[in-house]
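Asker: Provided herewith: coords_5.json, JSON, C-alpha atoms.
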[["chain", "number", "residue", "atom", "x", "y", "z"],
["A", 20, "MET", "CA", -0.61, 3.20, 13.26],
["A", 21, "ASP", "CA", 2.86, 4.61, 12.65],
["A", 22, "VAL", "CA", 3.48, 7.92, 10.90],
["A", 23, "ASP", "CA", 4.68, 6.39, 7.61],
["A", 24, "THR", "CA", 1.59, 4.18, 7.36],
["A", 25, "HIS", "CA", -0.68, 7.12, 8.14],
["A", 26, "PHE", "CA", 0.73, 9.31, 5.38],
["A", 27, "MET", "CA", 0.90, 6.42, 2.91],
["A", 28, "ARG", "CA", -2.82, 5.81, 3.41],
["A", 29, "LEU", "CA", -3.39, 9.46, 2.51],
["A", 30, "ALA", "CA", -1.11, 9.10, -0.54],
["A", 31, "LEU", "CA", -3.27, 6.15, -1.64],
["A", 32, "GLU", "CA", -6.31, 8.44, -1.44],
["A", 33, "GLU", "CA", -4.49, 10.83, -3.79],
["A", 34, "ALA", "CA", -3.74, 7.92, -6.13],
["A", 35, "ARG", "CA", -7.41, 7.09, -6.43],
["A", 36, "LEU", "CA", -8.09, 10.63, -7.69],
["A", 37, "ALA", "CA", -6.08, 9.84, -10.84],
["A", 38, "LEU", "CA", -8.66, 7.23, -11.82],
["A", 39, "ALA", "CA", -11.23, 9.93, -12.57],
["A", 40, "HIS", "CA", -9.38, 10.89, -15.74],
["A", 41, "GLY", "CA", -7.79, 7.61, -16.74],
["A", 42, "ASP", "CA", -4.34, 8.15, -15.27],
["A", 43, "VAL", "CA", -2.31, 5.41, -13.61],
["A", 44, "PRO", "CA", -3.32, 5.60, -9.92],
["A", 45, "ILE", "CA", -0.19, 6.92, -8.26],
["A", 46, "GLY", "CA", -0.30, 9.46, -5.47],
["A", 47, "ALA", "CA", 2.25, 11.45, -3.50],
["A", 48, "LEU", "CA", 2.40, 13.70, -0.46],
["A", 49, "ALA", "CA", 5.14, 16.04, 0.73],
["A", 50, "VAL", "CA", 5.24, 16.30, 4.51],
["A", 51, "TYR", "CA", 7.17, 18.82, 6.59],
["A", 52, "ASP", "CA", 7.10, 18.85, 10.37],
["A", 53, "GLY", "CA", 4.07, 16.54, 10.40],
["A", 54, "GLN", "CA", 2.06, 18.75, 8.02],
["A", 55, "ILE", "CA", 1.17, 18.04, 4.39],
["A", 56, "ILE", "CA", 2.66, 20.84, 2.28],
["A", 57, "GLY", "CA", 2.30, 19.22, -1.15],
["A", 58, "ARG", "CA", -0.07, 16.79, -2.84],
["A", 59, "GLY", "CA", -0.09, 15.16, -6.20],
["A", 60, "TYR", "CA", -1.56, 12.39, -8.26],
["A", 61, "ASN", "CA", -0.76, 11.38, -11.80],
["A", 62, "ARG", "CA", -2.15, 13.89, -14.30],
["A", 63, "ARG", "CA", -0.27, 12.95, -17.47],
["A", 64, "GLU", "CA", -3.47, 12.09, -19.34],
["A", 65, "ALA", "CA", -5.49, 14.95, -17.88],
["A", 66, "ASP", "CA", -2.84, 17.59, -18.61],
["A", 67, "ASN", "CA", -1.19, 16.03, -21.68],
["A", 68, "ASP", "CA", 2.07, 16.52, -19.80],
["A", 69, "PRO", "CA", 4.74, 13.82, -19.63],
["A", 70, "THR", "CA", 6.15, 15.40, -16.45],
["A", 71, "ALA", "CA", 2.83, 15.46, -14.55],
["A", 72, "HIS", "CA", 3.79, 12.59, -12.26],
["A", 73, "ALA", "CA", 2.41, 12.55, -8.74],
["A", 74, "GLU", "CA", 5.84, 13.08, -7.19],
["A", 75, "MET", "CA", 6.67, 16.06, -9.41],
["A", 76, "LEU", "CA", 3.38, 17.76, -8.62],
["A", 77, "ALA", "CA", 3.75, 17.21, -4.86],
["A", 78, "MET", "CA", 7.34, 18.51, -4.91],
["A", 79, "ARG", "CA", 6.34, 21.61, -6.92],
["A", 80, "GLU", "CA", 3.61, 22.43, -4.42],
["A", 81, "ALA", "CA", 5.99, 21.81, -1.51],
["A", 82, "ALA", "CA", 8.61, 24.13, -3.02],
["A", 83, "ARG", "CA", 6.00, 26.87, -3.43],
["A", 84, "HIS", "CA", 4.96, 26.33, 0.19],
["A", 85, "VAL", "CA", 8.50, 26.63, 1.59],
["A", 86, "GLY", "CA", 9.46, 29.35, -0.88],
["A", 87, "PHE", "CA", 12.63, 27.61, -2.00],
["A", 88, "TRP", "CA", 13.58, 24.83, -4.40],
["A", 89, "ARG", "CA", 15.47, 22.90, -1.75],
["A", 90, "LEU", "CA", 13.13, 20.57, 0.08],
["A", 91, "GLU", "CA", 15.24, 20.19, 3.20],
["A", 92, "GLY", "CA", 13.32, 18.60, 6.05],
["A", 93, "VAL", "CA", 10.60, 17.24, 3.73],
["A", 94, "THR", "CA", 9.58, 13.60, 3.50],
["A", 95, "LEU", "CA", 7.91, 12.52, 0.29],
["A", 96, "TYR", "CA", 5.40, 9.68, 0.39],
["A", 97, "CYS", "CA", 4.66, 7.98, -2.90],
["A", 98, "THR", "CA", 2.58, 4.94, -3.74],
["A", 99, "LEU", "CA", 5.08, 3.69, -6.37],
["A", 100, "GLU", "CA", 8.85, 3.68, -6.58],
["A", 101, "PRO", "CA", 9.88, 6.77, -8.55],
["A", 102, "CYS", "CA", 11.00, 6.75, -12.18],
["A", 103, "CYS", "CA", 14.36, 8.22, -13.19],
["A", 104, "MET", "CA", 12.85, 11.68, -13.83],
["A", 105, "CYS", "CA", 11.23, 11.87, -10.41],
["A", 106, "ALA", "CA", 14.22, 10.36, -8.62],
["A", 107, "GLY", "CA", 16.50, 12.86, -10.33],
["A", 108, "ALA", "CA", 14.26, 15.72, -9.23],
["A", 109, "MET", "CA", 14.36, 14.40, -5.66],
["A", 110, "VAL", "CA", 18.15, 14.42, -5.68],
["A", 111, "LEU", "CA", 18.27, 17.91, -7.21],
["A", 112, "ALA", "CA", 15.75, 19.19, -4.63],
["A", 113, "ARG", "CA", 17.94, 17.79, -1.83],
["A", 114, "LEU", "CA", 14.98, 15.78, -0.57],
["A", 115, "PRO", "CA", 16.19, 14.06, 2.59],
["A", 116, "ARG", "CA", 13.74, 11.15, 2.70],
["A", 117, "LEU", "CA", 11.40, 9.18, 0.45],
["A", 118, "VAL", "CA", 8.89, 6.58, 1.60],
["A", 119, "TYR", "CA", 7.33, 4.53, -1.17],
["A", 120, "ALA", "CA", 4.88, 1.67, -1.25],
["A", 121, "ALA", "CA", 5.26, -0.64, -4.26],
["A", 122, "SER", "CA", 8.43, -1.32, -6.18],
["A", 123, "ASP", "CA", 8.50, -0.79, -9.93],
["A", 124, "PRO", "CA", 10.49, -3.63, -11.54],
["A", 125, "LYS", "CA", 10.19, -2.04, -15.00],
["A", 126, "ALA", "CA", 11.12, 1.59, -14.39],
["A", 127, "GLY", "CA", 12.01, 2.01, -10.71],
["A", 128, "ALA", "CA", 14.92, 4.34, -9.99],
["A", 129, "GLY", "CA", 14.93, 3.88, -6.23],
["A", 130, "GLY", "CA", 16.70, 0.53, -6.24],
["A", 131, "SER", "CA", 14.74, -1.81, -8.52],
["A", 132, "VAL", "CA", 16.16, -1.02, -11.98],
["A", 133, "LEU", "CA", 18.39, 1.95, -11.11],
["A", 134, "ASP", "CA", 19.32, 3.59, -7.84],
["A", 135, "ILE", "CA", 19.53, 7.27, -8.64],
["A", 136, "LEU", "CA", 18.45, 8.16, -5.12],
["A", 137, "ARG", "CA", 21.58, 6.68, -3.54],
["A", 138, "HIS", "CA", 24.07, 6.86, -6.41],
["A", 139, "ASP", "CA", 27.56, 7.37, -5.01],
["A", 140, "ARG", "CA", 28.63, 9.77, -7.80],
["A", 141, "LEU", "CA", 25.84, 12.27, -7.16],
["A", 142, "ASN", "CA", 26.14, 15.15, -4.70],
["A", 143, "HIS", "CA", 23.09, 14.16, -2.63],
["A", 144, "ARG", "CA", 21.59, 10.89, -1.47],
["A", 145, "VAL", "CA", 17.99, 10.32, -0.42],
["A", 146, "GLU", "CA", 17.17, 8.06, 2.50],
["A", 147, "VAL", "CA", 14.66, 5.49, 1.25],
["A", 148, "THR", "CA", 12.04, 3.48, 3.12],
["A", 149, "ALA", "CA", 10.34, 1.02, 0.78],
["A", 150, "GLY", "CA", 7.35, -1.29, 1.07],
["A", 151, "VAL", "CA", 4.94, 0.70, 3.25],
["A", 152, "LEU", "CA", 1.46, -0.58, 2.22],
["A", 153, "ALA", "CA", 3.08, -2.10, -0.87],
["A", 154, "ASP", "CA", 0.41, -4.75, -1.44],
["A", 155, "GLU", "CA", -2.43, -2.23, -1.37],
["A", 156, "ALA", "CA", -0.64, 0.16, -3.74],
["A", 157, "ALA", "CA", 0.38, -2.60, -6.14],
["A", 158, "GLU", "CA", -3.16, -4.00, -6.26],
["A", 159, "LEU", "CA", -4.58, -0.57, -7.08],
["A", 160, "ILE", "CA", -2.22, -0.32, -10.08],
["A", 161, "ARG", "CA", -2.81, -3.93, -11.17],
["A", 162, "ALA", "CA", -6.59, -3.40, -11.05],
["A", 163, "PHE", "CA", -6.21, -0.28, -13.21],
["A", 164, "PHE", "CA", -4.31, -2.18, -15.91],
["A", 165, "ARG", "CA", -6.68, -5.16, -15.71],
["A", 166, "GLN", "CA", -9.53, -2.75, -16.42],
["A", 167, "LEU", "CA", -7.68, -1.22, -19.37],
["A", 168, "ARG", "CA", -7.05, -4.66, -20.85],
["A", 169, "ALA", "CA", -10.69, -5.63, -20.33],
["A", 170, "GLU", "CA", -11.69, -2.51, -22.24],
["A", 171, "GLY", "CA", -9.28, -3.42, -25.06],
["A", 172, "GLN", "CA", -6.75, -0.67, -24.31],
["A", 173, "LYS", "CA", -3.05, -1.16, -23.69]]
Please re-express this file's structure in C-alpha coordinates.

Answerer:
Amino acid sequence: MDVDTHFMRLALEEARLALAHGDVPIGALAVYDGQIIGRGYNRREADNDPTAHAEMLAMREAARHVGFWRLEGVTLYCTLEPCCMCAGAMVLARLPRLVYAASDPKAGAGGSVLDILRHDRLNHRVEVTAGVLADEAAELIRAFFRQLRAEGQK
(Lines of atoms letter the chains of each structure in order from A and count residues from 1; the text may use other names and numbers.)
(Lines give C-alpha, C1' and ligand atoms only; values in the text may rest on other atoms or scores of the structure.)
Protein backbone atom coordinates (compact mmCIF):
# COMPACT_ATOMS: atom_id res chain seq x y z
CA MET A 1 0.00 0.00 0.00
CA ASP A 2 1.39 3.41 -0.92
CA VAL A 3 1.72 6.26 1.57
CA ASP A 4 -1.23 8.28 0.22
CA THR A 5 -3.56 5.27 0.43
CA HIS A 6 -2.37 4.50 3.96
CA PHE A 7 -3.11 7.99 5.27
CA MET A 8 -6.38 8.23 3.36
CA ARG A 9 -7.58 5.05 5.07
CA LEU A 10 -6.83 6.73 8.40
CA ALA A 11 -8.67 9.89 7.25
CA LEU A 12 -11.69 7.69 6.47
CA GLU A 13 -11.55 6.42 10.06
CA GLU A 14 -11.71 10.05 11.21
CA ALA A 15 -14.69 10.63 8.91
CA ARG A 16 -16.62 7.83 10.55
CA LEU A 17 -16.26 9.59 13.92
CA ALA A 18 -18.47 12.42 12.63
CA LEU A 19 -21.38 10.01 12.35
CA ALA A 20 -21.66 9.77 16.14
CA HIS A 21 -23.13 13.27 16.31
CA GLY A 22 -24.90 13.53 12.97
CA ASP A 23 -22.22 15.39 11.03
CA VAL A 24 -21.42 14.71 7.39
CA PRO A 25 -18.69 12.02 7.51
CA ILE A 26 -15.62 13.89 6.34
CA GLY A 27 -12.21 13.36 7.89
CA ALA A 28 -8.80 14.93 7.54
CA LEU A 29 -5.22 14.32 8.66
CA ALA A 30 -2.21 16.62 8.59
CA VAL A 31 1.02 14.70 8.08
CA TYR A 32 4.55 16.00 8.50
CA ASP A 33 7.62 13.86 7.92
CA GLY A 34 5.50 10.70 7.96
CA GLN A 35 3.87 11.55 11.31
CA ILE A 36 0.28 12.63 11.93
CA ILE A 37 0.38 16.08 13.55
CA GLY A 38 -3.28 17.03 13.12
CA ARG A 39 -6.61 15.24 12.97
CA GLY A 40 -10.10 16.39 12.30
CA TYR A 41 -13.58 15.29 11.41
CA ASN A 42 -16.64 17.39 10.75
CA ARG A 43 -18.01 18.89 13.97
CA ARG A 44 -20.35 21.57 12.64
CA GLU A 45 -23.41 19.98 14.25
CA ALA A 46 -21.62 18.97 17.44
CA ASP A 47 -20.04 22.40 18.00
CA ASN A 48 -22.67 24.61 16.31
CA ASP A 49 -19.76 26.08 14.38
CA PRO A 50 -19.92 26.70 10.64
CA THR A 51 -16.10 26.62 10.45
CA ALA A 52 -15.71 23.24 12.19
CA HIS A 53 -14.84 21.40 8.99
CA ALA A 54 -12.48 18.44 9.19
CA GLU A 55 -9.76 20.24 7.25
CA MET A 56 -9.89 23.36 9.43
CA LEU A 57 -9.64 21.32 12.61
CA ALA A 58 -6.71 19.26 11.31
CA MET A 59 -4.87 22.39 10.14
CA ARG A 60 -5.42 24.15 13.49
CA GLU A 61 -3.99 21.18 15.36
CA ALA A 62 -1.06 20.97 12.93
CA ALA A 63 -0.28 24.68 13.39
CA ARG A 64 -0.28 24.24 17.17
CA HIS A 65 2.04 21.26 16.75
CA VAL A 66 4.58 23.11 14.59
CA GLY A 67 4.17 26.35 16.54
CA PHE A 68 3.58 28.46 13.45
CA TRP A 69 0.68 29.27 11.13
CA ARG A 70 2.62 28.29 8.03
CA LEU A 71 2.19 24.60 7.34
CA GLU A 72 5.31 24.20 5.23
CA GLY A 73 6.21 20.57 4.67
CA VAL A 74 2.73 19.34 5.68
CA THR A 75 0.50 17.16 3.52
CA LEU A 76 -3.20 17.30 4.27
CA TYR A 77 -5.32 14.23 3.57
CA CYS A 78 -9.05 14.80 3.28
CA THR A 79 -11.88 12.47 2.34
CA LEU A 80 -13.70 15.16 0.30
CA GLU A 81 -12.53 17.95 -1.97
CA PRO A 82 -12.34 21.12 0.13
CA CYS A 83 -14.90 23.93 0.06
CA CYS A 84 -13.84 27.51 -0.68
CA MET A 85 -13.31 28.29 3.04
CA CYS A 86 -11.02 25.33 3.58
CA ALA A 87 -9.20 25.79 0.28
CA GLY A 88 -8.62 29.44 1.12
CA ALA A 89 -7.20 28.48 4.51
CA MET A 90 -4.87 25.99 2.81
CA VAL A 91 -3.53 28.70 0.51
CA LEU A 92 -3.13 31.15 3.41
CA ALA A 93 -1.33 28.49 5.49
CA ARG A 94 1.07 27.87 2.59
CA LEU A 95 0.12 24.20 2.62
CA PRO A 96 2.32 22.55 0.00
CA ARG A 97 0.20 19.49 -0.77
CA LEU A 98 -3.37 18.24 -0.48
CA VAL A 99 -4.53 14.68 -1.16
CA TYR A 100 -8.28 14.24 -1.32
CA ALA A 101 -10.54 11.30 -2.02
CA ALA A 102 -13.92 12.24 -3.52
CA SER A 103 -14.66 15.27 -5.65
CA ASP A 104 -17.44 17.63 -4.63
CA PRO A 105 -19.35 18.70 -7.77
CA LYS A 106 -21.54 21.11 -5.75
CA ALA A 107 -19.03 23.00 -3.62
CA GLY A 108 -15.53 21.77 -4.48
CA ALA A 109 -12.84 24.44 -4.57
CA GLY A 110 -9.99 22.15 -5.58
CA GLY A 111 -10.91 21.96 -9.25
CA SER A 112 -14.54 20.83 -9.47
CA VAL A 113 -16.49 24.10 -9.13
CA LEU A 114 -13.62 26.48 -8.34
CA ASP A 115 -9.88 26.03 -8.20
CA ILE A 116 -8.75 28.23 -5.35
CA LEU A 117 -5.86 25.88 -4.61
CA ARG A 118 -4.15 26.58 -7.93
CA HIS A 119 -5.51 30.02 -8.81
CA ASP A 120 -2.90 31.94 -10.79
CA ARG A 121 -3.67 35.29 -9.10
CA LEU A 122 -2.99 34.04 -5.58
CA ASN A 123 0.44 34.14 -3.96
CA HIS A 124 0.58 30.39 -3.22
CA ARG A 125 -0.52 27.26 -5.03
CA VAL A 126 -1.21 23.88 -3.47
CA GLU A 127 -0.17 20.69 -5.22
CA VAL A 128 -3.27 18.49 -5.46
CA THR A 129 -3.61 14.73 -5.75
CA ALA A 130 -7.24 13.75 -6.20
CA GLY A 131 -9.14 10.48 -6.22
CA VAL A 132 -7.31 8.42 -3.59
CA LEU A 133 -9.97 5.97 -2.28
CA ALA A 134 -12.61 8.18 -3.91
CA ASP A 135 -15.25 5.45 -4.23
CA GLU A 136 -15.03 4.50 -0.57
CA ALA A 137 -15.22 8.12 0.60
CA ALA A 138 -18.09 8.98 -1.74
CA GLU A 139 -20.09 5.94 -0.65
CA LEU A 140 -19.68 6.87 3.02
CA ILE A 141 -21.16 10.32 2.28
CA ARG A 142 -23.92 8.94 0.05
CA ALA A 143 -24.92 6.44 2.74
CA PHE A 144 -25.11 9.26 5.29
CA PHE A 145 -27.50 11.28 3.13
CA ARG A 146 -29.56 8.19 2.23
CA GLN A 147 -30.04 7.61 5.95
CA LEU A 148 -31.07 11.23 6.52
CA ARG A 149 -33.64 11.01 3.73
CA ALA A 150 -34.96 7.73 5.11
CA GLU A 151 -35.43 9.43 8.47
CA GLY A 152 -37.28 12.32 6.78
CA GLN A 153 -34.50 14.88 7.24
CA LYS A 154 -32.90 16.94 4.49

Asker: Skip stretch 120-135 of chain A itself and residues of its chain fewer than 2 positions away, then list as a PyMOL selection string all residues within 7 Å of it, counting all atoms listed in the file.

Answerer: chain A and resi 97-103+106-107+118+137-138+149-154+156-157

Asker: Which residue out of A:Ala112, A:Ala49, A:Leu90, A:Ile55 has the minimum interatomic distance to A:Ala77 when only C-alpha atoms are used?

Answerer: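 Of A:Ala112, A:Ala49, A:Leu90, A:Ile55, the one nearest A:Ala77, counting only C-alpha atoms, is A:Ala49.
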
Asker: With all atoms listed in the file as the basis for distance, which of A:Thr94, A:Ala47, A:His40, A:Asp23 is at the shortest distance from A:Asp66?

Answerer: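 Ranking A:Thr94, A:Ala47, A:His40, A:Asp23 by distance to A:Asp66, first place goes to A:His40.
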
Asker: What does the structure give for the distance between atom CA of A:Leu29 and atom CA of A:Arg168, in Å to one decimal?

Answerer: 27.5 Å

Asker: Report, in Å to a single decimal, how far apart atom CA of A:Gln166 and atom CA of A:Gly41 are.

Answerer: 10.5 Å

Asker: Compare A:Leu114, A:Met20, A:Pro44, A:Ala39 by their minimum atom-to-atom distance to A:Val145, counting only C-alpha atoms, and give me the closest one.

Answerer: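 Ranking A:Leu114, A:Met20, A:Pro44, A:Ala39 by distance to A:Val145, first place goes to A:Leu114.
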
Asker: Could you jot down the atom CA of A:Thr148 to atom CA of A:Tyr119 separation for me, Å, one decimal place?

Answerer: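 Atom CA of A:Thr148 sits 6.5 Å away from atom CA of A:Tyr119.
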
Asker: Taking all atoms listed in the file into account, which of A:Tyr51, A:Gly57, A:Ala30, A:Cys105 comes nearest A:Arg83?

Answerer: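 Checking each candidate against A:Arg83, we get A:Gly57 as the closest.
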
Asker: With all atoms listed in the file as the atoms that count, which of A:Ala65, A:Leu95, A:Leu31, A:Leu36 lies nearest to A:Gly53?

Answerer: A:Leu95

Asker: Hey, what's within 6 Å of A:Ile45 if we count all atoms listed in the file and toss same-chain stuff fewer than 6 positions away? As JSON, numbers by chain, please?

Answerer: {"A": [34, 60, 61, 98]}

Asker: Quick one: residues within 12 Å of A:Asp52, all atoms listed in the file counted, chain neighbours fewer than 5 positions away excluded, as a PDB file with C-alpha atoms, in the coordinates of the input?

Answerer:
ATOM      1  CA  VAL A  22       3.480   7.920  10.900  1.00  0.00           C
ATOM      2  CA  VAL A  85       8.500  26.630   1.590  1.00  0.00           C
ATOM      3  CA  GLU A  91      15.240  20.190   3.200  1.00  0.00           C
ATOM      4  CA  GLY A  92      13.320  18.600   6.050  1.00  0.00           C
ATOM      5  CA  VAL A  93      10.600  17.240   3.730  1.00  0.00           C
ATOM      6  CA  THR A  94       9.580  13.600   3.500  1.00  0.00           C
ATOM      7  CA  LEU A  95       7.910  12.520   0.290  1.00  0.00           C
TER       8      LEU A  95
END

Asker: Return the padded bounding box of stretch 121-124 of chain A as AutoDock Vina command-line options: axis-aligned, built from all atoms listed in the file, 8 Å added on each side, with centre and edge lengths in Å to one decimal.

Answerer:
--center_x 7.9 --center_y -2.1 --center_z -7.9 --size_x 21.2 --size_y 19.0 --size_z 23.3

Asker: Mind checking which residues fall within 9 Å of A:Asn142, counting all atoms listed in the file, ignoring those fewer than 3 positions away in the same chain, and posting them as a list of chain:residue names?

Answerer: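 Residues meeting the cut-off are A:Val110, A:Leu111, A:His138, A:Asp139.
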
Asker: Dump C-alpha atoms for the selected residues as a PDB file, keeping the file's coordinate frame?

Answerer:
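This went into again.pdb:
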ATOM      1  CA  VAL A 110      18.150  14.420  -5.680  1.00  0.00           C
ATOM      2  CA  LEU A 111      18.270  17.910  -7.210  1.00  0.00           C
ATOM      3  CA  HIS A 138      24.070   6.860  -6.410  1.00  0.00           C
ATOM      4  CA  ASP A 139      27.560   7.370  -5.010  1.00  0.00           C
TER       5      ASP A 139
END

Asker: Please write as a ChimeraX atom specification the list of polymer residues whose atoms come within 12 Å of (0.4, 16.3, -15.0), counting only C-alpha atoms and keeping to the coordinates of the file.

Answerer: /A:37,40,42-43,45-46,59-77,79
